[in-house]
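Engineer: See work-v1.txt below, with compact mmCIF, C-alpha atoms and all ligand atoms.
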```txt
# COMPACT_ATOMS: atom_id res chain seq x y z
CA MET Q 234 94.24 120.87 138.99
CA LEU Q 235 91.61 118.49 137.63
CA TYR Q 236 91.66 116.63 134.33
CA VAL Q 237 88.51 115.67 132.46
CA THR Q 238 88.49 113.57 129.33
CA LYS Q 239 86.05 113.01 126.49
CA ARG Q 240 86.44 110.04 124.17
CA VAL Q 241 85.03 110.05 120.63
CA GLU Q 242 85.36 107.65 117.71
CA PHE Q 243 85.57 108.03 113.98
CA SER Q 244 86.34 105.80 111.02
CA ALA Q 245 88.61 106.88 108.22
CA SER Q 246 90.97 105.53 105.62
CA HIS Q 247 94.48 106.59 104.78
CA ARG Q 248 97.56 105.59 102.88
CA LEU Q 249 101.04 106.17 104.28
CA PHE Q 250 103.52 107.13 101.61
CA ASN Q 251 105.96 109.85 100.81
CA PRO Q 252 105.59 111.02 97.20
CA THR Q 253 109.25 111.99 97.13
CA PHE Q 254 110.28 108.37 97.82
CA SER Q 255 110.62 105.68 95.15
CA ASP Q 256 107.99 102.90 95.19
CA GLU Q 257 110.62 100.57 96.64
CA ARG Q 258 111.47 102.95 99.45
CA ASN Q 259 107.79 103.56 100.26
CA ASP Q 260 107.26 99.78 100.47
CA GLU Q 261 110.29 99.44 102.69
CA VAL Q 262 109.32 102.25 105.07
CA PHE Q 263 105.53 101.93 105.18
CA ASP Q 264 105.00 98.28 104.22
CA LYS Q 265 101.29 97.34 104.31
CA CYS Q 266 100.33 100.91 105.24
CA ASN Q 267 101.49 101.91 101.74
CA ASN Q 268 98.69 99.89 100.09
CA PHE Q 269 97.78 101.86 96.97
CA PHE Q 270 94.07 102.31 97.64
CA GLY Q 271 94.56 102.85 101.36
CA HIS Q 272 93.15 101.00 104.36
CA GLY Q 273 90.85 101.90 107.22
CA HIS Q 274 90.99 102.43 110.96
CA ASN Q 275 88.43 102.87 113.69
CA TYR Q 276 90.15 105.73 115.44
CA VAL Q 277 89.51 106.69 119.05
CA LEU Q 278 90.34 110.21 120.13
CA GLU Q 279 90.59 111.20 123.79
CA VAL Q 280 90.67 114.89 124.61
CA THR Q 281 91.71 115.95 128.12
CA VAL Q 282 90.98 119.42 129.48
CA CYS Q 283 92.46 120.64 132.75
CA GLY Q 284 91.29 123.33 135.11
CA LEU Q 285 89.42 123.98 138.32
CA PRO Q 286 85.70 123.35 138.72
CA ASN Q 287 83.50 126.39 138.26
CA PRO Q 288 81.87 126.85 141.71
CA GLU Q 289 78.53 127.61 140.06
CA THR Q 290 78.43 124.38 138.04
CA GLY Q 291 81.00 122.05 139.58
CA TYR Q 292 82.35 121.46 136.08
CA VAL Q 293 85.85 122.07 134.73
CA ILE Q 294 84.07 121.88 131.36
CA ASP Q 295 80.65 120.44 130.64
CA LEU Q 296 81.49 117.17 128.84
CA LYS Q 297 78.43 117.55 126.60
CA LYS Q 298 79.80 120.89 125.49
CA LEU Q 299 83.29 119.41 124.99
CA LYS Q 300 81.80 116.64 122.86
CA ARG Q 301 79.96 119.19 120.70
CA ILE Q 302 83.17 121.13 120.13
CA ILE Q 303 85.18 117.99 119.24
CA ASN Q 304 82.49 116.80 116.85
CA TYR Q 305 82.18 120.17 115.15
CA GLU Q 306 85.89 120.95 114.89
CA ILE Q 307 87.25 117.45 114.20
CA VAL Q 308 84.98 114.42 113.90
CA ASP Q 309 82.59 115.90 111.33
CA LYS Q 310 85.59 116.72 109.13
CA VAL Q 311 87.28 113.29 109.21
CA ASP Q 312 84.62 110.65 109.87
CA HIS Q 313 84.19 108.33 106.86
CA LYS Q 314 86.74 110.31 104.89
CA HIS Q 315 89.95 109.39 103.11
CA LEU Q 316 92.49 111.37 105.11
CA ASN Q 317 94.90 111.76 102.17
CA TYR Q 318 92.35 113.27 99.80
CA ASP Q 319 89.17 114.46 101.53
CA VAL Q 320 90.44 116.55 104.43
CA ALA Q 321 91.72 120.06 103.69
CA PHE Q 322 93.82 120.44 106.83
CA LEU Q 323 95.69 117.19 106.12
CA LYS Q 324 96.68 118.03 102.55
CA GLY Q 325 100.41 117.64 102.03
CA ILE Q 326 100.87 115.74 105.29
CA ILE Q 327 101.63 112.04 105.72
CA PRO Q 328 98.56 111.02 107.76
CA THR Q 329 100.26 109.08 110.52
CA ALA Q 330 98.63 109.16 113.95
CA GLU Q 331 101.46 111.47 115.03
CA ASN Q 332 100.78 114.04 112.33
CA ILE Q 333 97.01 113.74 112.63
CA VAL Q 334 96.98 114.42 116.36
CA VAL Q 335 99.13 117.54 115.93
CA THR Q 336 96.70 118.94 113.35
CA PHE Q 337 93.79 118.10 115.68
CA TRP Q 338 95.47 119.99 118.48
CA LYS Q 339 95.75 123.08 116.34
CA LEU Q 340 92.06 122.88 115.46
CA LEU Q 341 90.95 122.61 119.06
CA GLU Q 342 93.34 124.53 121.25
CA ASN Q 343 91.69 127.93 120.84
CA LYS Q 344 88.16 126.55 120.95
CA ILE Q 345 88.19 125.51 124.61
CA ASP Q 346 86.92 128.35 126.80
CA ASP Q 347 86.42 126.43 130.04
CA GLY Q 348 89.72 125.03 131.29
CA LYS Q 349 92.63 124.45 128.99
CA LEU Q 350 93.42 121.77 126.44
CA PHE Q 351 95.91 119.50 128.23
CA LYS Q 352 96.32 116.29 126.25
CA MET Q 353 95.14 114.46 123.17
CA ARG Q 354 95.47 110.74 122.72
CA LEU Q 355 94.72 109.19 119.35
CA TYR Q 356 94.30 105.43 119.07
CA GLU Q 357 94.80 103.96 115.64
CA SER Q 358 94.04 100.52 117.03
CA GLU Q 359 93.36 99.10 120.47
CA ASP Q 360 97.07 98.54 121.02
CA SER Q 361 98.58 101.64 119.44
CA TYR Q 362 98.17 105.27 120.32
CA VAL Q 363 99.95 108.59 120.17
CA GLU Q 364 99.75 111.27 122.84
CA TYR Q 365 100.36 114.96 122.37
CA PHE Q 366 100.50 117.71 124.96
CA GLY Q 367 100.83 120.64 122.54
CA ASP Q 368 104.27 121.40 123.91
CA SER Q 369 106.27 121.23 120.69
CA VAL Q 370 106.66 124.09 118.28
CA ASN Q 371 107.48 123.97 114.59
CA ILE Q 372 106.78 120.29 114.06
CA PRO Q 373 107.58 119.75 110.36
CA LEU Q 374 104.22 118.38 109.21
CA TYR Q 375 104.24 119.36 105.58
CA LEU Q 376 106.16 117.56 102.90
CA ASN Q 377 108.06 119.85 100.64
CA SER Q 378 106.50 118.97 97.31
CA GLU Q 379 109.36 120.74 95.50
CA SER Q 380 111.98 118.23 96.62
CA LYS Q 381 112.45 114.97 94.79
NI NI M 401 96.99 102.79 108.88
```
Let me see the file written as C-alpha cells.
Ligand code: NI
Structural biologist:
Amino acid sequence: MLYVTKRVEFSASHRLFNPTFSDERNDEVFDKCNNFFGHGHNYVLEVTVCGLPNPETGYVIDLKKLKRIINYEIVDKVDHKHLNYDVAFLKGIIPTAENIVVTFWKLLENKIDDGKLFKMRLYESEDSYVEYFGDSVNIPLYLNSESK
C-alpha cells in the first residue's frame, strides 16, 4: 500500500466555549480560547490517501485533483470564516481541532474516487495537531442545546 499526502492551509477564527457552562466554568475549562470575540489560527490540514498506483498513470491519486477536492469540499467553506458562526456544518459543535477534523472527514470520505481516505491531520499551530483515521463511530460532536 502507498500513502500520498496533500497539505493545504486556511485561516479562521473560533471561540471555544460550551453554552451550557457558566461563564466561570468556561473560563476554567477553555481559558484564553474562551475569549468572547474569538481568536484566529493559521490551520494546516494534511490529507492522506492510500492505495496502489494506477498502472496507466503511476498515481494513487493525482495530487492536483486531491487539492481541488479538498479546496472545494473544505477550504472554500472555512477559509477566513468564524468557525462558530459562519460554517453550517460546524453549527452546534465546539470547534476544537478534534471536532473540526471529524467533520472534515465526513465531508471528504465519499469524495475520493482514486484510493481511499486514510488519515487527516489538522494543525492548529506548528506544535499542536490532531490526527484522525475515520475509525470511530458515533463521536458525540453536537452539544445538546436542550440541556442546561
Ligand atoms: Ni484556538
Engineer: From the options Q:Ser246, Q:Asn343, Q:Thr253, Q:Ser369, which residue's atoms come nearest to Cys266 (chain Q), counting all atoms listed in the file?
Structural biologist: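 Of Q:Ser246, Q:Asn343, Q:Thr253, Q:Ser369, the one nearest Cys266 (chain Q), counting all atoms listed in the file, is Q:Ser246.
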Engineer: Can you tell me which residues surround Phe243 (chain Q) at a distance of at most 6 Å, considering all atoms listed in the file, apart from same-chain residues fewer than 2 positions away, and format the answer as a PyMOL selection string?
Structural biologist: chain Q and resi 275-276+312
Engineer: Produce as a list of chain:residue names the set of residues near ligand NI 401 (chain M), where near means within 8 Å with only C-alpha atoms and all ligand atoms considered.
Structural biologist: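 Those residues are Q:Ser246, Q:His247, Q:Arg248, Q:Leu249, Q:Cys266, Q:Gly271, Q:His272, Q:Gly273, Q:His274, Q:Thr329, Q:Glu357.
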Engineer: Which residues are near region 316-327 of chain Q? Cut-off 9 Å, all atoms listed in the file, ignore same chain within fewer than 5 positions. Put them as a PDB file with C-alpha atoms, keeping the file's coordinate frame.
Structural biologist:
```pdb
ATOM      1  CA  ALA Q 245      88.610 106.880 108.220  1.00  0.00           C
ATOM      2  CA  SER Q 246      90.970 105.530 105.620  1.00  0.00           C
ATOM      3  CA  HIS Q 247      94.480 106.590 104.780  1.00  0.00           C
ATOM      4  CA  ARG Q 248      97.560 105.590 102.880  1.00  0.00           C
ATOM      5  CA  LEU Q 249     101.040 106.170 104.280  1.00  0.00           C
ATOM      6  CA  PHE Q 250     103.520 107.130 101.610  1.00  0.00           C
ATOM      7  CA  ASN Q 251     105.960 109.850 100.810  1.00  0.00           C
ATOM      8  CA  GLY Q 271      94.560 102.850 101.360  1.00  0.00           C
ATOM      9  CA  LYS Q 310      85.590 116.720 109.130  1.00  0.00           C
ATOM     10  CA  VAL Q 311      87.280 113.290 109.210  1.00  0.00           C
ATOM     11  CA  ASN Q 332     100.780 114.040 112.330  1.00  0.00           C
ATOM     12  CA  ILE Q 333      97.010 113.740 112.630  1.00  0.00           C
ATOM     13  CA  THR Q 336      96.700 118.940 113.350  1.00  0.00           C
ATOM     14  CA  LEU Q 374     104.220 118.380 109.210  1.00  0.00           C
ATOM     15  CA  TYR Q 375     104.240 119.360 105.580  1.00  0.00           C
ATOM     16  CA  LEU Q 376     106.160 117.560 102.900  1.00  0.00           C
ATOM     17  CA  ASN Q 377     108.060 119.850 100.640  1.00  0.00           C
ATOM     18  CA  SER Q 378     106.500 118.970  97.310  1.00  0.00           C
TER      19      SER Q 378
END
```
Engineer: Please check which residues have atoms at most 12 Å from (90.5, 112.0, 128.1) in the file's coordinates, counting all atoms listed in the file, and write them as a list in words.
Structural biologist: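 Taken together, the residues in range are Leu235, Tyr236, Val237, Thr238, Lys239, Arg240, Val241, Val277, Leu278, Glu279, Val280, Thr281, Val282, Cys283, Leu296, Leu299, Lys300, Ile303, Leu350, Phe351, Lys352, Met353, Arg354, Leu355, Tyr356, Glu364, Tyr365 and Phe366 of chain Q.
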Engineer: Which residue gives the smallest distance to Asp368 (chain Q) among Q:Pro328, Q:Phe269, Q:Lys298, Q:Lys339, with all atoms listed in the file counted?
Structural biologist: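 Comparing Q:Pro328, Q:Phe269, Q:Lys298, Q:Lys339 against Asp368 (chain Q), the winner is Q:Lys339.
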Engineer: Nearest to Phe337 (chain Q) among Q:Val308, Q:Asn268, Q:Gly284, Q:Ser244, with distances taken over all atoms listed in the file: which residue is it?
Structural biologist: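 Smallest separation from Phe337 (chain Q) among the options: Q:Val308.
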Engineer: What does the structure give for the distance between CA of Glu257 (chain Q) and CA of Phe270 (chain Q), in Å to one decimal?
Structural biologist: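 Separation between CA of Glu257 (chain Q) and CA of Phe270 (chain Q): 16.7 Å.
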Engineer: Compare Q:Tyr362, Q:His315, Q:Leu285, Q:Asn259 by their minimum atom-to-atom distance to Asp347 (chain Q), counting all atoms listed in the file, and give me the closest one.
Structural biologist: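 Closest candidate: Q:Leu285.
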Engineer: Provide the CA of Pro252 (chain Q) to CA of Val335 (chain Q) distance in Å, to one decimal place.
Structural biologist: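 Distance reported for this atom pair: 20.9 Å.
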Engineer: May I have the residues at most 8 Å from (84.4, 125.6, 133.7) in the file's coordinates, counting only C-alpha atoms, as a VMD selection string?
Structural biologist: chain Q and resid 284 to 287 290 to 295 346 to 348
Engineer: Since the input is missing atoms, can you rebuild N, CA and C atoms for region 295-311 of chain Q and write them as a short mmCIF file (atom, residue, chain, number, x, y, z; two decimals), in the frame of the given file?
Structural biologist:
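So the final result, stored in result-v6.cif, reads:
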```cif
data_model
loop_
_atom_site.label_atom_id
_atom_site.label_comp_id
_atom_site.auth_asym_id
_atom_site.auth_seq_id
_atom_site.Cartn_x
_atom_site.Cartn_y
_atom_site.Cartn_z
N ASP Q 295 81.79 121.32 130.85
CA ASP Q 295 80.65 120.44 130.64
C ASP Q 295 81.02 119.46 129.52
N LEU Q 296 81.03 118.16 129.83
CA LEU Q 296 81.49 117.17 128.84
C LEU Q 296 80.57 117.12 127.62
N LYS Q 297 79.32 117.50 127.78
CA LYS Q 297 78.43 117.55 126.60
C LYS Q 297 78.90 118.67 125.67
N LYS Q 298 79.30 119.77 126.28
CA LYS Q 298 79.80 120.89 125.49
C LYS Q 298 81.12 120.50 124.81
N LEU Q 299 82.02 119.84 125.57
CA LEU Q 299 83.29 119.41 124.99
C LEU Q 299 83.05 118.48 123.80
N LYS Q 300 82.10 117.57 123.95
CA LYS Q 300 81.80 116.64 122.86
C LYS Q 300 81.31 117.39 121.62
N ARG Q 301 80.45 118.39 121.83
CA ARG Q 301 79.96 119.19 120.70
C ARG Q 301 81.11 119.87 119.97
N ILE Q 302 82.04 120.43 120.74
CA ILE Q 302 83.17 121.13 120.13
C ILE Q 302 84.04 120.15 119.34
N ILE Q 303 84.33 118.98 119.93
CA ILE Q 303 85.18 117.99 119.24
C ILE Q 303 84.51 117.51 117.96
N ASN Q 304 83.20 117.26 118.05
CA ASN Q 304 82.49 116.80 116.85
C ASN Q 304 82.51 117.86 115.76
N TYR Q 305 82.26 119.09 116.14
CA TYR Q 305 82.18 120.17 115.15
C TYR Q 305 83.54 120.45 114.53
N GLU Q 306 84.56 120.54 115.37
CA GLU Q 306 85.89 120.95 114.89
C GLU Q 306 86.66 119.81 114.23
N ILE Q 307 86.40 118.56 114.66
CA ILE Q 307 87.25 117.45 114.20
C ILE Q 307 86.43 116.32 113.56
N VAL Q 308 85.59 115.67 114.35
CA VAL Q 308 84.98 114.42 113.90
C VAL Q 308 84.18 114.61 112.61
N ASP Q 309 83.40 115.68 112.54
CA ASP Q 309 82.59 115.90 111.33
C ASP Q 309 83.45 116.08 110.08
N LYS Q 310 84.71 116.46 110.27
CA LYS Q 310 85.59 116.72 109.13
C LYS Q 310 86.36 115.47 108.68
N VAL Q 311 86.45 114.46 109.55
CA VAL Q 311 87.28 113.29 109.21
C VAL Q 311 86.52 111.97 109.17
#
```
